[in-house]
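*Asks:* CSV, C-alpha atoms and all ligand atoms, file final.csv:
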```csv
chain,number,residue,atom,x,y,z
R,28,MET,CA,77.2,149.5,51.1
R,29,ASP,CA,78.7,149.8,47.7
R,30,GLY,CA,77.5,147.8,44.7
R,31,ALA,CA,74.4,145.6,44.8
R,32,VAL,CA,75.3,143.4,47.8
R,33,PRO,CA,73.1,144.3,50.8
R,34,GLU,CA,74.6,143.8,54.3
R,35,LEU,CA,73.4,140.9,56.4
R,36,PRO,CA,71.1,141.8,59.2
R,37,VAL,CA,71.8,141.0,62.9
R,38,HIS,CA,69.0,140.5,65.5
R,39,ALA,CA,68.8,142.8,68.5
R,40,LEU,CA,70.8,141.9,71.5
R,41,GLU,CA,67.8,140.5,73.5
R,42,VAL,CA,67.1,138.1,70.6
R,43,LEU,CA,70.7,137.0,70.3
R,44,ARG,CA,70.7,136.3,74.1
R,45,ARG,CA,68.1,133.7,73.5
R,46,ARG,CA,70.6,131.5,71.6
R,47,ARG,CA,71.7,128.4,73.5
R,48,SER,CA,75.2,128.2,72.0
R,49,ALA,CA,78.4,128.6,73.9
R,50,LYS,CA,79.0,132.2,72.9
R,51,TRP,CA,75.7,133.3,74.3
R,52,GLN,CA,75.6,131.1,77.4
R,53,THR,CA,79.1,131.5,78.9
R,54,TYR,CA,78.8,134.9,80.4
R,55,PRO,CA,76.3,136.8,82.5
R,56,ALA,CA,73.7,138.9,80.7
R,57,ASP,CA,75.5,142.2,81.2
R,58,VAL,CA,78.6,141.0,79.3
R,59,LEU,CA,78.9,141.5,75.5
R,60,PRO,CA,80.5,138.3,74.2
R,61,LEU,CA,83.0,138.9,71.3
R,62,THR,CA,84.8,135.6,72.0
R,63,VAL,CA,84.4,132.2,70.4
R,64,ALA,CA,84.2,132.1,66.6
R,65,GLU,CA,80.5,132.0,66.2
R,66,MET,CA,78.7,134.7,64.1
R,67,ASP,CA,75.7,136.7,65.1
R,68,PHE,CA,74.1,136.8,61.6
R,69,PRO,CA,71.0,134.7,60.8
R,70,LEU,CA,71.7,131.4,59.0
R,71,ALA,CA,71.7,131.4,55.2
R,72,ALA,CA,68.2,130.6,53.8
R,73,PRO,CA,69.3,127.5,51.8
R,74,ILE,CA,70.6,126.1,55.0
R,75,THR,CA,67.5,126.8,57.1
R,76,GLU,CA,65.4,125.3,54.4
R,77,ALA,CA,67.4,122.1,54.1
R,78,LEU,CA,67.4,121.7,57.9
R,79,ARG,CA,63.7,122.4,58.2
R,80,GLU,CA,62.9,119.9,55.5
R,81,ALA,CA,65.1,117.3,57.3
R,82,VAL,CA,63.1,118.0,60.5
R,83,ASP,CA,59.8,117.7,58.6
R,84,ARG,CA,60.9,114.3,57.3
R,85,SER,CA,62.0,113.2,60.8
R,86,ASP,CA,65.3,112.6,59.1
R,87,ALA,CA,67.5,112.6,62.2
R,88,GLY,CA,69.3,109.3,61.8
R,89,TYR,CA,73.0,108.6,61.0
R,90,ALA,CA,74.8,110.5,58.3
R,91,LEU,CA,75.8,109.1,54.9
R,92,PRO,CA,78.0,111.8,53.6
R,93,ALA,CA,79.4,110.2,50.4
R,94,PRO,CA,79.0,110.9,47.5
R,95,ASP,CA,77.0,114.1,47.9
R,96,LEU,CA,79.3,116.0,50.3
R,97,GLY,CA,82.3,115.4,48.0
R,98,ARG,CA,80.4,116.5,45.0
R,99,ALA,CA,79.2,119.6,46.8
R,100,LEU,CA,82.7,120.5,47.9
R,101,GLU,CA,84.0,119.8,44.4
R,102,GLY,CA,81.5,122.3,42.9
R,103,PHE,CA,82.3,125.0,45.5
R,104,ALA,CA,86.1,124.6,45.3
R,105,ALA,CA,85.9,124.9,41.5
R,106,SER,CA,83.7,127.9,41.5
R,107,ARG,CA,85.4,129.7,44.3
R,108,TRP,CA,89.1,128.9,44.0
R,109,ASN,CA,89.4,127.2,40.6
R,110,TRP,CA,90.5,124.1,42.6
R,111,ASP,CA,89.8,120.8,41.0
R,112,ILE,CA,88.9,118.3,43.8
R,113,ASP,CA,88.2,114.6,43.1
R,114,PRO,CA,84.9,114.0,45.1
R,115,GLY,CA,86.2,110.5,45.8
R,116,SER,CA,89.1,112.0,47.7
R,117,VAL,CA,86.8,113.7,50.2
R,118,THR,CA,86.2,112.0,53.5
R,119,ALA,CA,83.8,113.4,56.1
R,120,VAL,CA,84.9,113.7,59.7
R,121,THR,CA,83.1,114.9,62.8
R,122,ASP,CA,84.8,118.3,62.8
R,123,VAL,CA,88.2,119.8,62.0
R,124,GLY,CA,89.6,119.1,65.4
R,125,VAL,CA,88.7,115.4,65.1
R,126,GLY,CA,90.1,115.4,61.6
R,127,VAL,CA,93.5,116.8,62.7
R,128,VAL,CA,93.7,114.3,65.5
R,129,GLU,CA,92.8,111.3,63.3
R,130,LEU,CA,95.3,112.5,60.7
R,131,LEU,CA,98.0,112.8,63.2
R,132,ARG,CA,97.3,109.3,64.5
R,133,VAL,CA,97.7,107.8,61.0
R,134,LEU,CA,100.5,110.0,59.8
R,135,THR,CA,102.8,110.1,62.9
R,136,ARG,CA,104.1,107.7,65.6
R,137,PRO,CA,103.8,108.3,69.3
R,138,GLY,CA,106.5,110.7,70.5
R,139,ASP,CA,107.1,112.2,67.0
R,140,ALA,CA,107.6,116.0,66.9
R,141,VAL,CA,104.8,117.9,65.2
R,142,VAL,CA,105.4,121.6,64.3
R,143,ILE,CA,102.8,124.4,64.9
R,144,SER,CA,103.2,128.2,64.5
R,145,PRO,CA,101.9,130.2,67.4
R,146,PRO,CA,100.1,132.5,68.0
R,147,VAL,CA,97.6,130.0,66.8
R,148,TYR,CA,94.0,128.7,67.6
R,149,PRO,CA,94.4,127.2,71.1
R,150,PRO,CA,93.4,123.5,70.3
R,151,PHE,CA,96.5,123.2,68.1
R,152,PHE,CA,98.4,122.9,71.4
R,153,ASP,CA,96.0,120.0,72.5
R,154,TRP,CA,95.5,118.1,69.3
R,155,VAL,CA,99.2,117.1,69.0
R,156,PRO,CA,99.5,115.5,72.5
R,157,GLU,CA,96.0,114.0,72.1
R,158,ALA,CA,97.4,112.1,69.2
R,159,GLY,CA,100.6,111.1,71.1
R,160,GLY,CA,102.9,113.7,69.5
R,161,ARG,CA,105.3,116.2,70.9
R,162,LEU,CA,104.9,119.9,70.1
R,163,LEU,CA,107.6,121.8,68.3
R,164,GLU,CA,106.7,125.5,68.2
R,165,VAL,CA,107.9,127.7,65.4
R,166,PRO,CA,106.3,131.0,66.0
R,167,LEU,CA,105.1,133.3,63.2
R,168,ALA,CA,107.4,136.2,62.4
R,169,ARG,CA,106.0,139.6,63.1
R,170,GLY,CA,107.1,142.2,60.6
R,171,ALA,CA,106.0,145.7,59.7
R,172,THR,CA,103.2,144.4,57.4
R,173,GLY,CA,101.9,141.9,59.9
R,174,TRP,CA,102.4,138.2,60.8
R,175,ARG,CA,103.9,135.7,58.4
R,176,LEU,CA,105.1,132.2,58.3
R,177,ASP,CA,108.8,132.2,59.4
R,178,LEU,CA,110.1,130.2,56.5
R,179,ALA,CA,113.8,130.3,57.7
R,180,ALA,CA,112.8,129.1,61.2
R,181,LEU,CA,110.6,126.4,59.7
R,182,GLU,CA,113.5,125.2,57.6
R,183,ARG,CA,115.7,124.9,60.7
R,184,ALA,CA,112.9,123.0,62.5
R,185,PHE,CA,112.1,120.8,59.4
R,186,ALA,CA,115.8,119.9,59.2
R,187,THR,CA,115.4,118.1,62.6
R,188,HIS,CA,112.9,115.8,60.8
R,189,PRO,CA,109.6,116.4,62.6
R,190,ALA,CA,106.8,114.1,61.4
R,191,ALA,CA,104.3,116.8,60.5
R,192,TYR,CA,103.4,120.4,60.4
R,193,VAL,CA,99.9,121.6,61.2
R,194,LEU,CA,99.4,124.6,59.1
R,195,CYS,CA,96.6,127.2,59.7
R,196,ASN,CA,95.6,128.7,56.4
R,197,PRO,CA,94.2,131.3,56.7
R,198,HIS,CA,95.8,131.7,60.1
R,199,ASN,CA,93.6,132.2,63.2
R,200,PRO,CA,94.1,134.5,65.2
R,201,VAL,CA,96.2,136.9,63.0
R,202,GLY,CA,94.0,136.6,59.9
R,203,ARG,CA,96.8,136.0,57.4
R,204,ALA,CA,95.9,134.3,54.1
R,205,HIS,CA,99.3,132.8,53.3
R,206,SER,CA,100.5,133.7,49.8
R,207,ALA,CA,100.9,131.2,47.0
R,208,ASP,CA,104.7,131.9,47.1
R,209,GLU,CA,104.9,131.3,50.8
R,210,LEU,CA,103.0,128.0,50.4
R,211,ALA,CA,105.1,126.9,47.5
R,212,ALA,CA,108.2,127.5,49.7
R,213,LEU,CA,106.6,125.5,52.5
R,214,VAL,CA,105.8,122.6,50.2
R,215,ARG,CA,109.4,122.7,48.9
R,216,LEU,CA,110.7,122.4,52.5
R,217,ALA,CA,108.2,119.6,53.3
R,218,ARG,CA,109.4,117.6,50.3
R,219,ILE,CA,113.1,118.1,51.0
R,220,TYR,CA,112.8,117.1,54.7
R,221,GLY,CA,110.0,114.6,54.5
R,222,VAL,CA,107.5,116.5,56.6
R,223,THR,CA,103.8,115.9,56.1
R,224,ILE,CA,101.6,119.0,56.1
R,225,ILE,CA,98.1,118.9,57.6
R,226,SER,CA,96.5,122.1,56.2
R,227,ASN,CA,93.6,123.4,58.3
R,228,GLU,CA,91.6,125.5,55.8
R,229,ILE,CA,88.5,126.0,57.9
R,230,HIS,CA,88.7,129.8,57.3
R,231,GLY,CA,89.4,129.4,53.6
R,232,PRO,CA,85.9,130.7,52.5
R,233,LEU,CA,86.3,133.7,54.8
R,234,VAL,CA,89.0,135.5,52.9
R,235,LEU,CA,87.9,139.2,52.7
R,236,PRO,CA,88.1,141.7,49.8
R,237,GLY,CA,91.6,142.6,49.1
R,238,ALA,CA,93.2,139.2,49.7
R,239,MET,CA,93.2,135.8,48.1
R,240,PHE,CA,93.0,132.2,49.5
R,241,THR,CA,95.4,129.6,48.1
R,242,PRO,CA,94.3,126.1,48.9
R,243,LEU,CA,97.5,124.2,49.8
R,244,LEU,CA,96.7,121.3,47.5
R,245,THR,CA,96.6,123.7,44.5
R,246,VAL,CA,100.4,124.3,45.0
R,247,PRO,CA,102.4,122.1,42.6
R,248,GLY,CA,103.8,119.1,44.3
R,249,ALA,CA,101.7,119.5,47.5
R,250,GLY,CA,99.5,116.4,47.0
R,251,GLU,CA,102.2,113.9,47.9
R,252,VAL,CA,103.1,115.7,51.1
R,253,ALA,CA,99.9,117.3,52.3
R,254,VAL,CA,96.3,116.8,53.2
R,255,ALA,CA,93.7,119.5,53.7
R,256,LEU,CA,90.8,120.0,56.0
R,257,LEU,CA,87.8,122.1,55.0
R,258,SER,CA,84.4,122.8,56.5
R,259,ALA,CA,81.3,124.9,56.1
R,260,SER,CA,81.2,125.4,59.9
R,261,LYS,CA,83.0,128.8,60.2
R,262,ALA,CA,81.8,130.6,57.0
R,263,TRP,CA,78.1,129.5,57.4
R,264,ASN,CA,78.1,129.3,61.3
R,265,LEU,CA,77.4,125.6,61.6
R,266,ALA,CA,80.0,124.6,64.2
R,267,GLY,CA,77.5,122.8,66.5
R,268,LEU,CA,76.2,120.5,63.7
R,269,LYS,CA,79.5,118.6,63.4
R,270,CYS,CA,80.7,118.0,59.9
R,271,ALA,CA,84.1,118.6,58.2
R,272,ALA,CA,85.9,117.2,55.2
R,273,VAL,CA,89.4,115.8,54.7
R,274,VAL,CA,90.7,116.2,51.2
R,275,THR,CA,93.6,114.4,49.6
R,276,ALA,CA,95.3,114.7,46.2
R,277,ALA,CA,97.6,111.7,46.0
R,278,PRO,CA,97.3,107.9,46.6
R,279,GLY,CA,99.7,107.9,49.6
R,280,MET,CA,97.7,110.4,51.5
R,281,ALA,CA,94.4,108.7,50.5
R,282,ALA,CA,95.8,105.4,51.8
R,283,ALA,CA,96.6,107.2,55.2
R,284,VAL,CA,93.0,108.4,55.4
R,285,ASP,CA,91.7,104.9,54.7
R,286,ARG,CA,93.4,103.8,57.9
R,287,PHE,CA,91.1,106.0,60.0
R,288,PRO,CA,89.2,103.8,62.5
R,289,ALA,CA,86.1,102.3,60.7
R,290,ASP,CA,83.8,103.7,63.3
R,291,THR,CA,84.7,107.4,62.5
R,292,ARG,CA,82.1,107.3,59.7
R,293,TRP,CA,79.3,106.9,62.3
R,294,ARG,CA,80.5,110.0,64.3
R,295,ILE,CA,79.5,112.7,61.9
R,296,GLY,CA,76.5,115.0,62.4
R,297,HIS,CA,73.7,114.2,59.9
R,298,PHE,CA,72.4,117.8,60.1
R,299,GLY,CA,76.0,118.9,59.7
R,300,VAL,CA,76.2,117.0,56.4
R,301,ILE,CA,72.9,118.3,55.2
R,302,ALA,CA,73.8,121.9,56.1
R,303,ALA,CA,77.3,121.6,54.6
R,304,ILE,CA,75.9,120.3,51.3
R,305,ALA,CA,73.4,123.2,51.2
R,306,ALA,CA,76.1,125.7,52.0
R,307,PHE,CA,78.5,124.4,49.3
R,308,THR,CA,75.9,124.0,46.6
R,309,ALA,CA,73.6,127.0,47.3
R,310,GLY,CA,75.3,129.2,49.9
R,311,GLU,CA,77.6,131.3,47.7
R,312,PRO,CA,75.3,134.4,47.3
R,313,TRP,CA,74.9,134.5,51.1
R,314,LEU,CA,78.7,134.0,51.5
R,315,ASP,CA,79.2,137.0,49.2
R,316,ARG,CA,76.9,139.1,51.4
R,317,LEU,CA,78.7,137.9,54.5
R,318,LEU,CA,82.1,138.9,53.1
R,319,ALA,CA,80.9,142.3,52.1
R,320,THR,CA,79.4,142.8,55.6
R,321,LEU,CA,82.6,141.6,57.3
R,322,ASP,CA,84.6,144.0,55.1
R,323,HIS,CA,82.5,146.9,56.4
R,324,ARG,CA,82.7,145.7,60.0
R,325,ARG,CA,86.5,145.5,59.7
R,326,ALA,CA,86.5,149.1,58.5
R,327,LEU,CA,84.1,150.2,61.2
R,328,LEU,CA,86.2,148.5,63.9
R,329,SER,CA,89.3,150.2,62.5
R,330,ASP,CA,87.6,153.6,62.9
R,331,LEU,CA,86.2,152.8,66.4
R,332,LEU,CA,89.6,151.6,67.6
R,333,SER,CA,91.5,154.5,66.3
R,334,GLN,CA,89.0,157.0,67.8
R,335,ARG,CA,88.4,155.3,71.2
R,336,LEU,CA,91.3,153.0,71.9
R,337,PRO,CA,94.3,154.6,70.1
R,338,MET,CA,96.7,152.7,72.5
R,339,LEU,CA,95.8,149.4,70.8
R,340,THR,CA,97.4,148.4,67.6
R,341,TRP,CA,96.4,145.8,65.0
R,342,GLN,CA,96.8,144.6,61.5
R,343,PRO,CA,93.2,144.3,60.0
R,344,PRO,CA,92.9,140.7,59.0
R,345,GLU,CA,93.0,139.5,55.4
R,346,ALA,CA,90.6,136.6,56.4
R,347,THR,CA,88.3,135.6,59.2
R,348,PHE,CA,86.1,137.8,61.4
R,349,LEU,CA,88.7,137.9,64.2
R,350,ALA,CA,90.8,140.9,65.2
R,351,TRP,CA,94.1,140.2,66.9
R,352,LEU,CA,94.6,143.3,69.0
R,353,ASN,CA,97.9,144.3,70.5
R,354,CYS,CA,96.9,145.6,73.9
R,355,ALA,CA,100.4,145.6,75.4
R,356,ALA,CA,100.0,149.3,76.3
R,357,LEU,CA,97.5,148.2,78.9
R,358,GLY,CA,99.8,145.5,80.4
R,359,PRO,CA,101.4,142.1,79.6
R,360,ASP,CA,99.8,138.7,79.8
R,361,ASN,CA,96.0,138.9,79.8
R,362,GLN,CA,95.7,142.1,81.8
R,363,ALA,CA,93.9,144.1,79.1
R,364,GLN,CA,91.4,141.3,78.4
R,365,GLU,CA,90.8,141.0,82.1
R,366,ARG,CA,90.2,144.7,82.5
R,367,PHE,CA,87.8,144.8,79.5
R,368,LEU,CA,85.9,141.9,81.0
R,369,ASP,CA,85.9,142.9,84.7
R,370,HIS,CA,85.3,146.7,84.2
R,371,GLY,CA,83.9,147.0,80.7
R,372,ARG,CA,81.8,143.8,80.7
R,373,VAL,CA,83.1,143.0,77.2
R,374,ALA,CA,84.5,139.5,76.7
R,375,LEU,CA,87.4,138.9,74.3
R,376,GLU,CA,89.6,135.8,74.0
R,377,PRO,CA,92.7,136.1,76.1
R,378,GLY,CA,95.9,136.3,74.0
R,379,LEU,CA,97.9,133.8,76.1
R,380,ARG,CA,95.5,131.0,75.1
R,381,PHE,CA,97.1,131.3,71.6
R,382,GLY,CA,100.6,130.7,73.0
R,383,ALA,CA,103.3,132.7,74.7
R,384,ALA,CA,103.4,135.1,71.7
R,385,GLY,CA,99.9,136.1,72.7
R,386,SER,CA,101.1,138.0,75.9
R,387,GLY,CA,99.5,141.5,75.8
R,388,TYR,CA,97.1,140.5,73.0
R,389,ALA,CA,93.3,139.8,72.9
R,390,ARG,CA,91.2,138.5,70.1
R,391,LEU,CA,87.9,140.2,69.2
R,392,ASN,CA,85.2,138.6,67.1
R,393,PHE,CA,83.6,141.3,64.9
R,394,ALA,CA,81.0,139.1,63.2
R,395,THR,CA,78.2,141.1,64.9
R,396,SER,CA,76.1,144.2,64.5
R,397,THR,CA,77.4,147.7,64.2
R,398,ASP,CA,75.5,148.5,67.5
R,399,ILE,CA,77.3,145.8,69.4
R,400,LEU,CA,80.7,146.9,68.1
R,401,ASP,CA,79.9,150.4,68.9
R,402,GLN,CA,78.8,149.5,72.5
R,403,ALA,CA,81.7,147.1,73.0
R,404,THR,CA,84.4,149.6,71.9
R,405,ALA,CA,82.9,152.4,74.0
R,406,ARG,CA,82.9,150.1,77.1
R,407,MET,CA,86.4,148.9,76.4
R,408,ALA,CA,87.6,152.5,76.1
R,409,GLU,CA,86.0,153.4,79.4
R,410,SER,CA,87.5,150.4,81.2
R,411,ALA,CA,90.9,151.2,79.7
R,412,GLY,CA,90.7,154.5,81.6
O,501,LIG,C1,91.7,127.3,62.8
O,501,LIG,C2,90.5,126.6,63.4
O,501,LIG,N1,90.4,125.3,63.4
O,501,LIG,C3,89.4,124.6,63.9
O,501,LIG,C4,88.3,125.3,64.5
O,501,LIG,C5,87.2,124.5,65.0
O,501,LIG,O1,86.6,123.7,64.0
O,501,LIG,P1,85.8,122.5,64.4
O,501,LIG,O2,84.6,122.9,65.2
O,501,LIG,O3,85.3,122.0,63.0
O,501,LIG,O4,86.7,121.5,65.1
O,501,LIG,C6,88.3,126.6,64.5
O,501,LIG,C7,87.2,127.4,65.2
O,501,LIG,O5,87.2,128.5,65.3
O,501,LIG,C8,89.4,127.3,64.0
O,501,LIG,O6,89.5,128.7,64.0
```
Could you express the structure from this file as C-alpha cells?
*Replies:*
Amino acid sequence: MDGAVPELPVHALEVLRRRRSAKWQTYPADVLPLTVAEMDFPLAAPITEALREAVDRSDAGYALPAPDLGRALEGFAASRWNWDIDPGSVTAVTDVGVGVVELLRVLTRPGDAVVISPPVYPPFFDWVPEAGGRLLEVPLARGATGWRLDLAALERAFATHPAAYVLCNPHNPVGRAHSADELAALVRLARIYGVTIISNEIHGPLVLPGAMFTPLLTVPGAGEVAVALLSASKAWNLAGLKCAAVVTAAPGMAAAVDRFPADTRWRIGHFGVIAAIAAFTAGEPWLDRLLATLDHRRALLSDLLSQRLPMLTWQPPEATFLAWLNCAALGPDNQAQERFLDHGRVALEPGLRFGAAGSGYARLNFATSTDILDQATARMAESAG
C-alpha cells in the first residue's frame, strides 16, 4: 500500500462461509461467489459499536429516522462532495428499490413511459412495471473509453415526453461515474422536455481514486426536475439492515415525497438507521481504507485477467467494486458465465440479467481478498480452456 492507509483485512474463506447472507448461502460450498453486491470486508468499527450498543439496550423497536439521519447525511455530503443538503429534505425509505418504486408512484401515472439505460442493475427492469409504468430503454453508448450516457439517444427519447428517467450514477454494472458536464446536459434535456429524473446514487460513496462523483442535485437547475436516492448500504455493506434516503432540493419534489403512503415510515429498519447514522458521521476513515483497498483489488484483477484470461476485455470501473467483463470471446448470451460456474465453480452475475446489451458479459464482484481473486481467476482460466 502507498501512503498511510492500511488495506482492509478479509477473513479466511471458511469464516466467510459462516455468513448467513444471500452471497454466501446461494451456492454449494465448492463455489466461490463473486456475485451479488455484498463485500467480504469486516464491518467498520463505528458501525459494529453502534449496533452492539443497540442490542445491549434491547433497542429493536421501530425506527425514527428524523432528524438524525438527515443531519448525518448532511454532514457526510458536505465533507465528501461539498454538497449542501437541507436535513429537512431527507426522507428515510426502506431501501433504494422501495424508494424508486414509491417515487415512480407519486411522480408518474399508470402506463407512463419511464426511461432506463441498460446495461443496468437488473431491478431497474422490475421497478418500472411494479409502479405501473412502461419501460423505454435507451442503452448506454459503448465507445473506445468505455460506457457513457447516450445523450443524443436520450434527447430523442425525451422528445417523446416520457414521465421519468431512472438514472444510475455511478452506473452499475459498468462503473461509470457520470461527469458534471454529462449530468448538466441531462438536466438541460429534462428541463426542456419535462422529464423527472430519479437519480439512484447508492454507489456515490464508492467512487475510486482517479474519478469524481457528481451528485445530480449539485448540478445547477437540477432541483426542480430531479430527486436523489442515497444509502450507506453499498459502501458500508449494510444492505440487509434496510435503510435508504430520498433527498430533494426544491418544493415541488418535496411535495411529491410528502405524498408517499403514510405507512412507509414504519417500514424502515431501525438497525439500518442506526448503522447509516454511524456510517455517515464516523465512517469516513473506514471508507477511505475501503477505497484504497478496492483500488488495489482493481489493479490486481487487471493483472490477473491479462495474465490468465487475455480473451476477456473490460474497462476498469471508475466506481463500485464490480467489474463488467466482456466474455464474448467465450460465447454469446450467458455462455461464459455458465462455463465459469459449471466447470470453474466460480459464480459471476450473468450479463443478460442487465438487459440485452449484456449478452456475452459477466459481472464480477472484486470486494474480496487477494486470495479469493487469485483462486477465482485461476479457476475461470482453467474452465475457459
Ligand atoms: C444501482 C443499485 N441500486 C440499488 C441497489 C439495491 O439497493 P437496496 O438494497 O437499497 O434496494 C443496488 C445493489 O447493488 C444497486 O447496485
*Asks:* R:Leu257, R:Val141, R:Ala191, R:Val117: which is nearest Thr223 (chain R), counting all atoms listed in the file?
*Replies:*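 Among the listed residues, R:Ala191 lies closest to Thr223 (chain R).
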*Asks:* Throw together the list of residues within 10 Å of ligand LIG 501 (chain O), counting all atoms listed in the file, and drop it here as JSON, numbers by chain.
*Replies:* {"R": [63, 64, 65, 120, 121, 122, 123, 124, 125, 126, 127, 147, 148, 149, 150, 151, 194, 195, 196, 197, 198, 199, 200, 202, 226, 227, 228, 229, 230, 231, 256, 257, 258, 259, 260, 261, 264, 265, 266, 267, 268, 269, 270, 271, 272, 347, 349]}
*Asks:* Near Ala140 (chain R), counting all atoms listed in the file, which residues have an atom at most 12 Å away, once you skip same-chain residues fewer than 5 positions from it, shown as a PyMOL selection string?
*Replies:* chain R and resi 131+134-135+155-156+158-165+184-193+222-223
*Asks:* With all atoms listed in the file as the atoms that count, which of R:Leu400, R:Ile304, R:Cys354, R:Leu78 lies nearest to Val37 (chain R)?
*Replies:*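 Smallest distance to Val37 (chain R) is found for R:Leu400.
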*Asks:* Interatomic distance between CA of Glu101 (chain R) and CA of Gly279 (chain R)?
*Replies:* 20.4 Å
*Asks:* Give the answer as one residue: which of R:Pro36, R:Pro288, R:Gly358, R:Pro146 has the shortest atom-to-atom distance to Leu70 (chain R), using only C-alpha atoms?
*Replies:*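 Of all the options, R:Pro36 lies closest to Leu70 (chain R).
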